[in-house]
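See below for protein.pdb, which holds PDB, C-alpha atoms.
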```pdb
ATOM      1  CA  MET Y1344     -77.066  95.546-246.413
ATOM      2  CA  THR Y1345     -73.937  94.814-244.373
ATOM      3  CA  ALA Y1346     -71.702  91.792-244.922
ATOM      4  CA  GLY Y1347     -73.035  90.242-241.725
ATOM      5  CA  GLU Y1348     -76.623  90.736-242.831
ATOM      6  CA  ARG Y1349     -75.930  89.070-246.183
ATOM      7  CA  PHE Y1350     -74.694  85.919-244.445
ATOM      8  CA  ASP Y1351     -77.348  85.935-241.717
ATOM      9  CA  LEU Y1352     -79.601  82.856-241.838
ATOM     10  CA  SER Y1353     -81.852  83.741-238.896
ATOM     11  CA  GLY Y1354     -85.308  82.231-239.046
ATOM     12  CA  ARG Y1355     -84.524  79.779-241.843
ATOM     13  CA  THR Y1356     -84.719  76.002-241.850
ATOM     14  CA  ALA Y1357     -82.261  73.529-243.339
ATOM     15  CA  LEU Y1358     -82.130  69.821-244.091
ATOM     16  CA  VAL Y1359     -78.665  68.269-244.243
ATOM     17  CA  THR Y1360     -78.296  64.651-245.364
ATOM     18  CA  GLY Y1361     -75.249  62.803-244.121
ATOM     19  CA  GLY Y1362     -75.269  65.430-241.395
ATOM     20  CA  SER Y1363     -74.091  63.274-238.505
ATOM     21  CA  ARG Y1364     -70.361  63.387-239.256
ATOM     22  CA  GLY Y1365     -67.585  64.920-241.344
ATOM     23  CA  LEU Y1366     -68.461  67.717-243.752
ATOM     24  CA  GLY Y1367     -72.193  67.334-243.125
ATOM     25  CA  ARG Y1368     -71.825  67.882-239.398
ATOM     26  CA  GLU Y1369     -69.660  70.972-239.945
ATOM     27  CA  MET Y1370     -72.223  72.502-242.290
ATOM     28  CA  ALA Y1371     -75.146  71.694-240.005
ATOM     29  CA  LEU Y1372     -73.442  73.370-237.032
ATOM     30  CA  ALA Y1373     -72.391  76.364-239.142
ATOM     31  CA  PHE Y1374     -75.978  76.912-240.280
ATOM     32  CA  ALA Y1375     -77.168  76.716-236.674
ATOM     33  CA  ARG Y1376     -74.590  79.300-235.585
ATOM     34  CA  ALA Y1377     -75.889  81.557-238.369
ATOM     35  CA  GLY Y1378     -79.436  81.292-237.010
ATOM     36  CA  THR Y1379     -80.900  78.282-238.820
ATOM     37  CA  ASP Y1380     -83.025  75.451-237.463
ATOM     38  CA  VAL Y1381     -81.466  72.267-238.840
ATOM     39  CA  ALA Y1382     -82.822  68.798-239.547
ATOM     40  CA  VAL Y1383     -80.011  66.242-239.550
ATOM     41  CA  SER Y1384     -80.454  63.020-241.482
ATOM     42  CA  SER Y1385     -78.375  59.862-241.875
ATOM     43  CA  ARG Y1386     -78.751  56.106-241.465
ATOM     44  CA  LYS Y1387     -78.000  56.130-237.723
ATOM     45  CA  LEU Y1388     -80.394  57.822-235.322
ATOM     46  CA  ASP Y1389     -77.978  58.028-232.391
ATOM     47  CA  ALA Y1390     -75.378  59.825-234.494
ATOM     48  CA  CYS Y1391     -77.993  62.258-235.800
ATOM     49  CA  GLU Y1392     -79.290  62.887-232.296
ATOM     50  CA  ALA Y1393     -75.785  63.721-231.066
ATOM     51  CA  VAL Y1394     -75.465  66.494-233.667
ATOM     52  CA  ALA Y1395     -79.043  67.623-233.047
ATOM     53  CA  THR Y1396     -78.177  68.026-229.377
ATOM     54  CA  GLU Y1397     -75.209  70.229-230.300
ATOM     55  CA  ILE Y1398     -77.508  72.353-232.443
ATOM     56  CA  ARG Y1399     -80.050  72.735-229.650
ATOM     57  CA  VAL Y1400     -77.280  73.880-227.308
ATOM     58  CA  LEU Y1401     -76.692  76.692-229.796
ATOM     59  CA  GLY Y1402     -80.296  77.783-229.255
ATOM     60  CA  ARG Y1403     -81.789  76.445-232.470
ATOM     61  CA  ARG Y1404     -84.402  73.775-233.123
ATOM     62  CA  SER Y1405     -83.215  70.484-234.563
ATOM     63  CA  LEU Y1406     -84.636  67.200-235.816
ATOM     64  CA  ALA Y1407     -82.718  63.915-235.887
ATOM     65  CA  LEU Y1408     -84.117  61.814-238.717
ATOM     66  CA  VAL Y1409     -83.221  58.429-240.189
ATOM     67  CA  ALA Y1410     -83.410  57.970-243.959
ATOM     68  CA  HIS Y1411     -81.536  55.954-246.561
ATOM     69  CA  ALA Y1412     -80.084  58.455-249.030
ATOM     70  CA  GLY Y1413     -80.789  56.178-251.994
ATOM     71  CA  ASP Y1414     -84.378  55.178-251.179
ATOM     72  CA  TRP Y1415     -87.028  57.387-252.800
ATOM     73  CA  ALA Y1416     -89.829  56.366-250.437
ATOM     74  CA  GLN Y1417     -87.736  57.159-247.364
ATOM     75  CA  LEU Y1418     -86.662  60.501-248.849
ATOM     76  CA  ASP Y1419     -90.255  61.424-249.647
ATOM     77  CA  ALA Y1420     -91.148  60.635-246.032
ATOM     78  CA  LEU Y1421     -88.190  62.730-244.861
ATOM     79  CA  VAL Y1422     -89.463  65.780-246.740
ATOM     80  CA  GLU Y1423     -92.966  65.263-245.374
ATOM     81  CA  ARG Y1424     -91.633  64.987-241.826
ATOM     82  CA  VAL Y1425     -89.642  68.219-241.963
ATOM     83  CA  HIS Y1426     -92.504  70.089-243.623
ATOM     84  CA  GLY Y1427     -94.892  68.663-241.072
ATOM     85  CA  GLU Y1428     -92.739  69.955-238.210
ATOM     86  CA  TRP Y1429     -91.593  73.317-239.598
ATOM     87  CA  GLY Y1430     -93.790  74.049-242.609
ATOM     88  CA  ARG Y1431     -90.930  74.578-245.051
ATOM     89  CA  ILE Y1432     -87.332  73.825-246.014
ATOM     90  CA  ASP Y1433     -85.306  76.903-246.970
ATOM     91  CA  ILE Y1434     -81.958  75.173-247.426
ATOM     92  CA  LEU Y1435     -81.241  71.634-248.600
ATOM     93  CA  VAL Y1436     -77.753  70.135-248.537
ATOM     94  CA  ASN Y1437     -77.453  66.881-250.479
ATOM     95  CA  ASN Y1438     -74.351  65.706-248.655
ATOM     96  CA  ALA Y1439     -74.858  61.975-248.033
ATOM     97  CA  GLY Y1440     -72.682  59.774-250.210
ATOM     98  CA  MET Y1441     -70.480  56.703-250.407
ATOM     99  CA  SER Y1442     -67.174  56.208-252.224
ATOM    100  CA  PRO Y1443     -65.942  52.603-251.941
ATOM    101  CA  VAL Y1444     -62.687  51.915-253.762
ATOM    102  CA  GLN Y1445     -62.789  48.970-256.174
ATOM    103  CA  PRO Y1446     -59.773  46.869-257.226
ATOM    104  CA  SER Y1447     -60.655  47.292-260.910
ATOM    105  CA  SER Y1448     -63.560  48.132-263.193
ATOM    106  CA  ALA Y1449     -63.890  44.478-264.222
ATOM    107  CA  ALA Y1450     -64.069  43.378-260.576
ATOM    108  CA  THR Y1451     -66.805  45.856-259.648
ATOM    109  CA  GLU Y1452     -69.940  44.023-258.556
ATOM    110  CA  GLU Y1453     -73.299  45.014-260.032
ATOM    111  CA  ALA Y1454     -74.984  45.355-256.638
ATOM    112  CA  LEU Y1455     -72.329  47.747-255.360
ATOM    113  CA  PHE Y1456     -72.420  49.714-258.616
ATOM    114  CA  ALA Y1457     -76.176  50.161-258.232
ATOM    115  CA  LYS Y1458     -75.833  51.206-254.580
ATOM    116  CA  VAL Y1459     -73.151  53.800-255.384
ATOM    117  CA  LEU Y1460     -75.376  55.355-258.059
ATOM    118  CA  ALA Y1461     -78.435  55.247-255.800
ATOM    119  CA  VAL Y1462     -76.790  57.021-252.863
ATOM    120  CA  ASN Y1463     -74.760  59.540-254.863
ATOM    121  CA  PHE Y1464     -77.217  60.428-257.628
ATOM    122  CA  LYS Y1465     -80.626  58.717-257.661
ATOM    123  CA  GLY Y1466     -81.501  59.710-254.102
ATOM    124  CA  PRO Y1467     -80.183  63.277-254.293
ATOM    125  CA  PHE Y1468     -82.132  63.742-257.540
ATOM    126  CA  ARG Y1469     -85.378  62.715-255.884
ATOM    127  CA  LEU Y1470     -84.789  64.722-252.729
ATOM    128  CA  ALA Y1471     -83.805  67.870-254.607
ATOM    129  CA  ALA Y1472     -86.786  67.554-256.949
ATOM    130  CA  GLN Y1473     -89.242  67.176-254.083
ATOM    131  CA  VAL Y1474     -87.761  70.011-252.046
ATOM    132  CA  ALA Y1475     -87.288  72.367-255.018
ATOM    133  CA  ARG Y1476     -90.908  71.883-256.090
ATOM    134  CA  ARG Y1477     -92.094  73.010-252.686
ATOM    135  CA  MET Y1478     -89.576  75.859-252.564
ATOM    136  CA  ALA Y1479     -90.780  77.116-255.945
ATOM    137  CA  GLN Y1480     -94.384  77.048-254.715
ATOM    138  CA  GLY Y1481     -93.385  79.013-251.615
ATOM    139  CA  ASP Y1482     -90.772  81.657-250.893
ATOM    140  CA  GLY Y1483     -87.895  79.975-252.740
ATOM    141  CA  GLY Y1484     -84.696  78.596-251.289
ATOM    142  CA  SER Y1485     -81.211  77.241-251.842
ATOM    143  CA  ILE Y1486     -80.135  73.698-252.713
ATOM    144  CA  ILE Y1487     -76.479  72.741-252.309
ATOM    145  CA  ASN Y1488     -75.275  69.487-253.856
ATOM    146  CA  ILE Y1489     -72.025  68.105-252.450
ATOM    147  CA  SER Y1490     -70.139  66.547-255.339
ATOM    148  CA  SER Y1491     -66.434  65.679-255.646
ATOM    149  CA  LEU Y1492     -63.416  66.782-257.627
ATOM    150  CA  GLY Y1493     -63.163  63.085-258.492
ATOM    151  CA  ALA Y1494     -65.982  63.758-260.954
ATOM    152  CA  ILE Y1495     -63.697  66.137-262.842
ATOM    153  CA  SER Y1496     -60.593  63.950-262.867
ATOM    154  CA  PRO Y1497     -61.526  60.395-261.830
ATOM    155  CA  LEU Y1498     -58.930  57.887-260.723
ATOM    156  CA  PRO Y1499     -59.079  54.102-261.207
ATOM    157  CA  GLY Y1500     -61.004  52.472-258.391
ATOM    158  CA  ILE Y1501     -63.655  55.186-258.017
ATOM    159  CA  ILE Y1502     -65.101  55.307-261.543
ATOM    160  CA  PRO Y1503     -68.725  54.465-260.553
ATOM    161  CA  TYR Y1504     -68.527  57.070-257.767
ATOM    162  CA  ALA Y1505     -67.012  59.653-260.103
ATOM    163  CA  GLY Y1506     -69.695  58.943-262.685
ATOM    164  CA  ALA Y1507     -72.467  59.380-260.127
ATOM    165  CA  LYS Y1508     -70.991  62.680-258.968
ATOM    166  CA  ALA Y1509     -70.636  63.837-262.577
ATOM    167  CA  ALA Y1510     -74.350  63.133-262.960
ATOM    168  CA  LEU Y1511     -74.966  65.164-259.803
ATOM    169  CA  ASN Y1512     -73.067  68.068-261.389
ATOM    170  CA  ALA Y1513     -75.281  67.844-264.469
ATOM    171  CA  MET Y1514     -78.338  67.721-262.239
ATOM    172  CA  THR Y1515     -77.306  70.975-260.586
ATOM    173  CA  ILE Y1516     -77.172  72.796-263.912
ATOM    174  CA  GLY Y1517     -80.475  71.355-265.114
ATOM    175  CA  MET Y1518     -82.370  72.033-261.894
ATOM    176  CA  ALA Y1519     -80.921  75.528-261.620
ATOM    177  CA  LYS Y1520     -82.678  76.253-264.916
ATOM    178  CA  GLU Y1521     -85.825  74.287-264.125
ATOM    179  CA  PHE Y1522     -86.575  75.916-260.770
ATOM    180  CA  ALA Y1523     -85.318  79.461-261.370
ATOM    181  CA  PRO Y1524     -85.868  82.202-260.434
ATOM    182  CA  LYS Y1525     -87.071  81.368-256.921
ATOM    183  CA  VAL Y1526     -84.803  78.380-256.240
ATOM    184  CA  ARG Y1527     -81.020  78.481-256.519
ATOM    185  CA  VAL Y1528     -79.200  75.169-257.086
ATOM    186  CA  ASN Y1529     -75.415  74.985-256.759
ATOM    187  CA  THR Y1530     -72.611  72.491-256.262
ATOM    188  CA  ILE Y1531     -69.647  72.312-253.900
ATOM    189  CA  SER Y1532     -66.910  69.979-255.135
ATOM    190  CA  PRO Y1533     -64.587  69.019-252.265
ATOM    191  CA  GLY Y1534     -61.178  67.542-252.803
ATOM    192  CA  MET Y1535     -59.475  65.423-250.166
ATOM    193  CA  PHE Y1536     -60.535  66.308-246.628
ATOM    194  CA  ALA Y1537     -59.217  64.837-243.391
ATOM    195  CA  THR Y1538     -62.496  63.254-242.280
ATOM    196  CA  ASP Y1539     -63.068  59.697-241.035
ATOM    197  CA  ILE Y1540     -62.968  58.536-244.674
ATOM    198  CA  ALA Y1541     -59.266  59.391-244.774
ATOM    199  CA  GLN Y1542     -58.414  56.381-242.612
ATOM    200  CA  HIS Y1543     -59.224  54.146-245.603
ATOM    201  CA  TRP Y1544     -56.729  55.843-247.938
ATOM    202  CA  SER Y1545     -54.000  53.364-248.855
ATOM    203  CA  ASP Y1546     -51.284  55.910-249.767
ATOM    204  CA  PRO Y1547     -51.914  59.354-248.216
ATOM    205  CA  GLU Y1548     -48.457  60.609-249.155
ATOM    206  CA  ALA Y1549     -49.114  59.973-252.845
ATOM    207  CA  LEU Y1550     -52.411  61.851-252.557
ATOM    208  CA  LEU Y1551     -50.721  64.784-250.859
ATOM    209  CA  ARG Y1552     -48.305  65.155-253.766
ATOM    210  CA  ARG Y1553     -51.275  65.886-256.061
ATOM    211  CA  ILE Y1554     -52.452  68.843-253.942
ATOM    212  CA  PRO Y1555     -50.792  72.197-254.788
ATOM    213  CA  MET Y1556     -51.427  73.521-251.266
ATOM    214  CA  GLY Y1557     -49.616  70.483-249.845
ATOM    215  CA  ARG Y1558     -52.176  69.426-247.249
ATOM    216  CA  PHE Y1559     -55.594  67.840-246.820
ATOM    217  CA  GLY Y1560     -58.567  70.032-246.060
ATOM    218  CA  SER Y1561     -59.997  70.459-242.586
ATOM    219  CA  PRO Y1562     -63.770  69.773-242.416
ATOM    220  CA  SER Y1563     -64.344  73.321-241.158
ATOM    221  CA  GLU Y1564     -62.964  74.671-244.438
ATOM    222  CA  ILE Y1565     -66.141  73.783-246.305
ATOM    223  CA  VAL Y1566     -68.184  76.134-244.126
ATOM    224  CA  GLY Y1567     -67.426  79.378-245.992
ATOM    225  CA  ALA Y1568     -68.736  78.103-249.324
ATOM    226  CA  ALA Y1569     -71.777  76.485-247.692
ATOM    227  CA  LEU Y1570     -72.753  79.693-245.866
ATOM    228  CA  TYR Y1571     -72.236  81.709-249.042
ATOM    229  CA  LEU Y1572     -74.483  79.459-251.138
ATOM    230  CA  ALA Y1573     -77.137  79.149-248.434
ATOM    231  CA  SER Y1574     -77.387  82.868-247.767
ATOM    232  CA  ASP Y1575     -78.378  86.059-249.565
ATOM    233  CA  ALA Y1576     -74.689  86.673-250.242
ATOM    234  CA  SER Y1577     -75.137  84.381-253.281
ATOM    235  CA  SER Y1578     -78.494  85.785-254.404
ATOM    236  CA  TYR Y1579     -77.382  85.893-258.080
ATOM    237  CA  THR Y1580     -75.485  82.596-258.045
ATOM    238  CA  THR Y1581     -77.089  79.463-259.441
ATOM    239  CA  GLY Y1582     -75.823  76.524-261.481
ATOM    240  CA  ALA Y1583     -72.328  77.127-260.106
ATOM    241  CA  ASN Y1584     -69.707  74.570-259.043
ATOM    242  CA  ILE Y1585     -67.285  75.713-256.347
ATOM    243  CA  ALA Y1586     -64.097  73.689-255.963
ATOM    244  CA  ILE Y1587     -62.612  73.329-252.474
ATOM    245  CA  GLY Y1588     -59.582  71.128-252.953
ATOM    246  CA  GLY Y1589     -56.386  73.047-252.352
ATOM    247  CA  GLY Y1590     -55.977  73.630-256.085
ATOM    248  CA  ILE Y1591     -56.343  70.035-257.269
ATOM    249  CA  ASP Y1592     -58.329  69.269-260.445
ATOM    250  CA  SER Y1593     -60.635  72.273-260.309
ATOM    251  CA  PRO Y1594     -63.797  72.376-262.458
ATOM    252  CA  ARG Y1595     -63.272  73.924-265.877
TER     253      ARG Y1595
END
```

Translate the structure described by the file into structure tokens.
Amino acid sequence: MTAGERFDLSGRTALVTGGSRGLGREMALAFARAGTDVAVSSRKLDACEAVATEIRVLGRRSLALVAHAGDWAQLDALVERVHGEWGRIDILVNNAGMSPVQPSSAATEEALFAKVLAVNFKGPFRLAAQVARRMAQGDGGSIINISSLGAISPLPGIIPYAGAKAALNAMTIGMAKEFAPKVRVNTISPGMFATDIAQHWSDPEALLRRIPMGRFGSPSEIVGAALYLASDASSYTTGANIAIGGGIDSPR
């Protein structure tokens, strides 16, 4: 098998949550270019439809679907919808998340704490479990959980977020064992990327000083790892955590 054949995703289907912008959009388009039909999900239909249109221009099928990433009932319906349209999901990317910065741990409100855990861990757990169960009953597949290097070395202000992502990392390892050998479950842990979230950073220069490579990541730089984990190139890789952060706080 050639290198191109190992990374070829022709004829497969993917579901990408948080796929309407940033890293999710880049991965959705990369899968489409590699031959995948892609369902794009987020809270806003118009944003999903814009990416779905880009995917269709590339000659692939696409679905634009609204679902709250922390709501189990909506996620169950999302899985049913994609299976109803295409009959299977070969690739799942749990990318949707939220990372609000809090002034202090003591000032963190209970409602926001619960929402952060729901979107970053509770929802991805349910979605992965539902999709992996079906994958295991069928021809298998690949699940990619998008975590954060903040889970490895959390900073004040993002402790609930970091905790939720740490739970997501643990989930990857557990599900990799639970659903093997037909389903592979892996993590990508991004560092600081120049997406729309970056506009909320209060001191970008201080953040840059923590990055050995001296720059923020470009959204397109997540594509290589995503294609690797989604494709046959990673056929013996499961339970792994790939850091993409310019050298900052890599998993140990």

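The space separating atom CA of Y:Ala1457 from atom CA of Y:Gly1413 comes to 9.8 Å.
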
Determine the residue membership of the PyMOL selection byres ((chain Y and resi 1359) around 7) for the file above and supply it as a tab-separated table (two decimals) with C-alpha atoms, keeping the file's coordinate frame.
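Output contents, as saved in out03.tsv:
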```tsv
chain	number	residue	atom	x	y	z
Y	1357	ALA	CA	-82.26	73.53	-243.34
Y	1358	LEU	CA	-82.13	69.82	-244.09
Y	1360	THR	CA	-78.30	64.65	-245.36
Y	1361	GLY	CA	-75.25	62.80	-244.12
Y	1362	GLY	CA	-75.27	65.43	-241.40
Y	1367	GLY	CA	-72.19	67.33	-243.12
Y	1371	ALA	CA	-75.15	71.69	-240.00
Y	1382	ALA	CA	-82.82	68.80	-239.55
Y	1383	VAL	CA	-80.01	66.24	-239.55
Y	1384	SER	CA	-80.45	63.02	-241.48
Y	1435	LEU	CA	-81.24	71.63	-248.60
Y	1436	VAL	CA	-77.75	70.14	-248.54
Y	1437	ASN	CA	-77.45	66.88	-250.48
Y	1438	ASN	CA	-74.35	65.71	-248.66
```

**Study point:** Long-range neighbours of Y:Asp1414 as a list in words, 12 Å cut-off, all atoms listed in the file, 4 positions minimum in chain
**Key:**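 Residues meeting the cut-off are Arg1386, Val1409, Ala1410, Leu1418, Asp1419, Ala1420, Leu1421, Ala1457, Lys1458, Leu1460, Ala1461, Val1462, Asn1463, Phe1464, Lys1465, Gly1466, Pro1467, Phe1468, Arg1469 and Leu1470 of chain Y.
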
Exercise for review: Would you kindly translate the PyMOL selection byres ((chain Y and resi 1391-1399) around 8) into the concrete residues it picks from this file, as a ChimeraX atom specification?
Suggested key: /Y:1362-1363,1368,1371-1372,1375,1381-1385,1387-1390,1400-1409

Please report, as lines of an AutoDock Vina configuration file, the centre and edge lengths in Å to one decimal of an axis-aligned box covering all listed atoms of stretch 1514-1527 of chain Y with 6 Å per side.
```
center_x = -82.1
center_y = 75.0
center_z = -260.7
size_x = 21.9
size_y = 26.5
size_z = 20.9
```

**Study point:** Close residues, stretch 1485-1501 of chain Y itself excluded, 9 Å, all atoms listed in the file, min 5 positions apart in chain, as a PyMOL selection string
**Key:** chain Y and resi 1433-1440+1442-1448+1451+1463+1467+1471+1474-1475+1478+1506-1512+1515+1525-1535+1569+1572-1574+1581+1584+1586-1588+1591-1595

Point to revise | One-decimal distance in Å that lies between atom CA of Y:Ala1412 and atom CA of Y:Leu1366 | key: 15.8 Å

Review point. Evaluating the PyMOL selection byres ((chain Y and resi 1378) around 6) on the displayed file yields which residues, as a PyMOL selection string?
Key: chain Y and resi 1352-1353+1375-1377+1379

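Atom CA of Y:Met1370 to atom CA of Y:Thr1538 spans 13.4 Å [interatomic distance, one decimal].
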
Exercise for review: Rank Y:Ala1416, Y:Gly1484, Y:Ala1549, Y:His1426 by their smallest atom-to-atom distance to Y:Ser1577, using only C-alpha atoms, and report the top residue only.
Suggested key: Y:Gly1484

Point to revise | Y:Met1514, Y:Ala1523, Y:Ala1505, Y:Ala1568 ranked by distance to Y:Gly1483, top pick (using only C-alpha atoms) | key: Y:Ala1523

Exercise for review: Compute the distance from (-71.8, 79.4, -243.3) to each atom, counting only C-alpha atoms, keep the residues with any atom at most 6 Å away, and return them as a list of chain:residue names; use the coordinates of the file.
Suggested key: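 The distance filter leaves exactly Y:Ala1373, Y:Phe1374, Y:Val1566, Y:Gly1567, Y:Ala1569, Y:Leu1570.
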
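The shortest atom-to-atom distance to Y:Arg1364, with only C-alpha atoms taken into account, belongs to Y:Ala1537 out of Y:Ala1513, Y:Ala1519, Y:Met1556, Y:Ala1537.
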
Would you mind putting N, CA and C atoms back on stretch 1444-1463 of chain Y and writing the result as a short mmCIF file (atom, residue, chain, number, x, y, z; two decimals), in the coordinates of the input?
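The resulting result-v8.cif:
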```cif
data_model
loop_
_atom_site.label_atom_id
_atom_site.label_comp_id
_atom_site.auth_asym_id
_atom_site.auth_seq_id
_atom_site.Cartn_x
_atom_site.Cartn_y
_atom_site.Cartn_z
N VAL Y 1444 -63.73 52.10 -252.76
CA VAL Y 1444 -62.69 51.92 -253.76
C VAL Y 1444 -62.72 50.47 -254.25
N GLN Y 1445 -62.73 50.30 -255.57
CA GLN Y 1445 -62.79 48.97 -256.17
C GLN Y 1445 -61.43 48.58 -256.76
N PRO Y 1446 -61.09 47.30 -256.72
CA PRO Y 1446 -59.77 46.87 -257.23
C PRO Y 1446 -59.60 47.10 -258.72
N SER Y 1447 -60.70 47.04 -259.47
CA SER Y 1447 -60.66 47.29 -260.91
C SER Y 1447 -62.08 47.46 -261.41
N SER Y 1448 -62.23 48.00 -262.61
CA SER Y 1448 -63.56 48.13 -263.19
C SER Y 1448 -64.18 46.76 -263.43
N ALA Y 1449 -63.37 45.81 -263.92
CA ALA Y 1449 -63.89 44.48 -264.22
C ALA Y 1449 -64.35 43.75 -262.97
N ALA Y 1450 -63.74 44.07 -261.82
CA ALA Y 1450 -64.07 43.38 -260.58
C ALA Y 1450 -65.21 44.05 -259.81
N THR Y 1451 -65.72 45.15 -260.33
CA THR Y 1451 -66.81 45.86 -259.65
C THR Y 1451 -68.10 45.06 -259.74
N GLU Y 1452 -68.72 44.81 -258.60
CA GLU Y 1452 -69.94 44.02 -258.56
C GLU Y 1452 -71.16 44.89 -258.90
N GLU Y 1453 -72.13 44.28 -259.58
CA GLU Y 1453 -73.30 45.01 -260.03
C GLU Y 1453 -74.08 45.61 -258.86
N ALA Y 1454 -74.21 44.87 -257.78
CA ALA Y 1454 -74.98 45.36 -256.64
C ALA Y 1454 -74.34 46.60 -256.03
N LEU Y 1455 -73.02 46.58 -255.92
CA LEU Y 1455 -72.33 47.75 -255.36
C LEU Y 1455 -72.42 48.93 -256.32
N PHE Y 1456 -72.29 48.66 -257.62
CA PHE Y 1456 -72.42 49.71 -258.62
C PHE Y 1456 -73.78 50.41 -258.48
N ALA Y 1457 -74.83 49.61 -258.35
CA ALA Y 1457 -76.18 50.16 -258.23
C ALA Y 1457 -76.33 50.97 -256.95
N LYS Y 1458 -75.73 50.50 -255.85
CA LYS Y 1458 -75.83 51.21 -254.58
C LYS Y 1458 -75.11 52.54 -254.64
N VAL Y 1459 -73.92 52.56 -255.26
CA VAL Y 1459 -73.15 53.80 -255.38
C VAL Y 1459 -73.95 54.84 -256.17
N LEU Y 1460 -74.57 54.42 -257.27
CA LEU Y 1460 -75.38 55.36 -258.06
C LEU Y 1460 -76.62 55.81 -257.31
N ALA Y 1461 -77.22 54.90 -256.54
CA ALA Y 1461 -78.44 55.25 -255.80
C ALA Y 1461 -78.15 56.30 -254.74
N VAL Y 1462 -77.09 56.11 -253.97
CA VAL Y 1462 -76.79 57.02 -252.86
C VAL Y 1462 -76.24 58.36 -253.35
N ASN Y 1463 -75.43 58.32 -254.42
CA ASN Y 1463 -74.76 59.54 -254.86
C ASN Y 1463 -75.51 60.32 -255.93
#
```
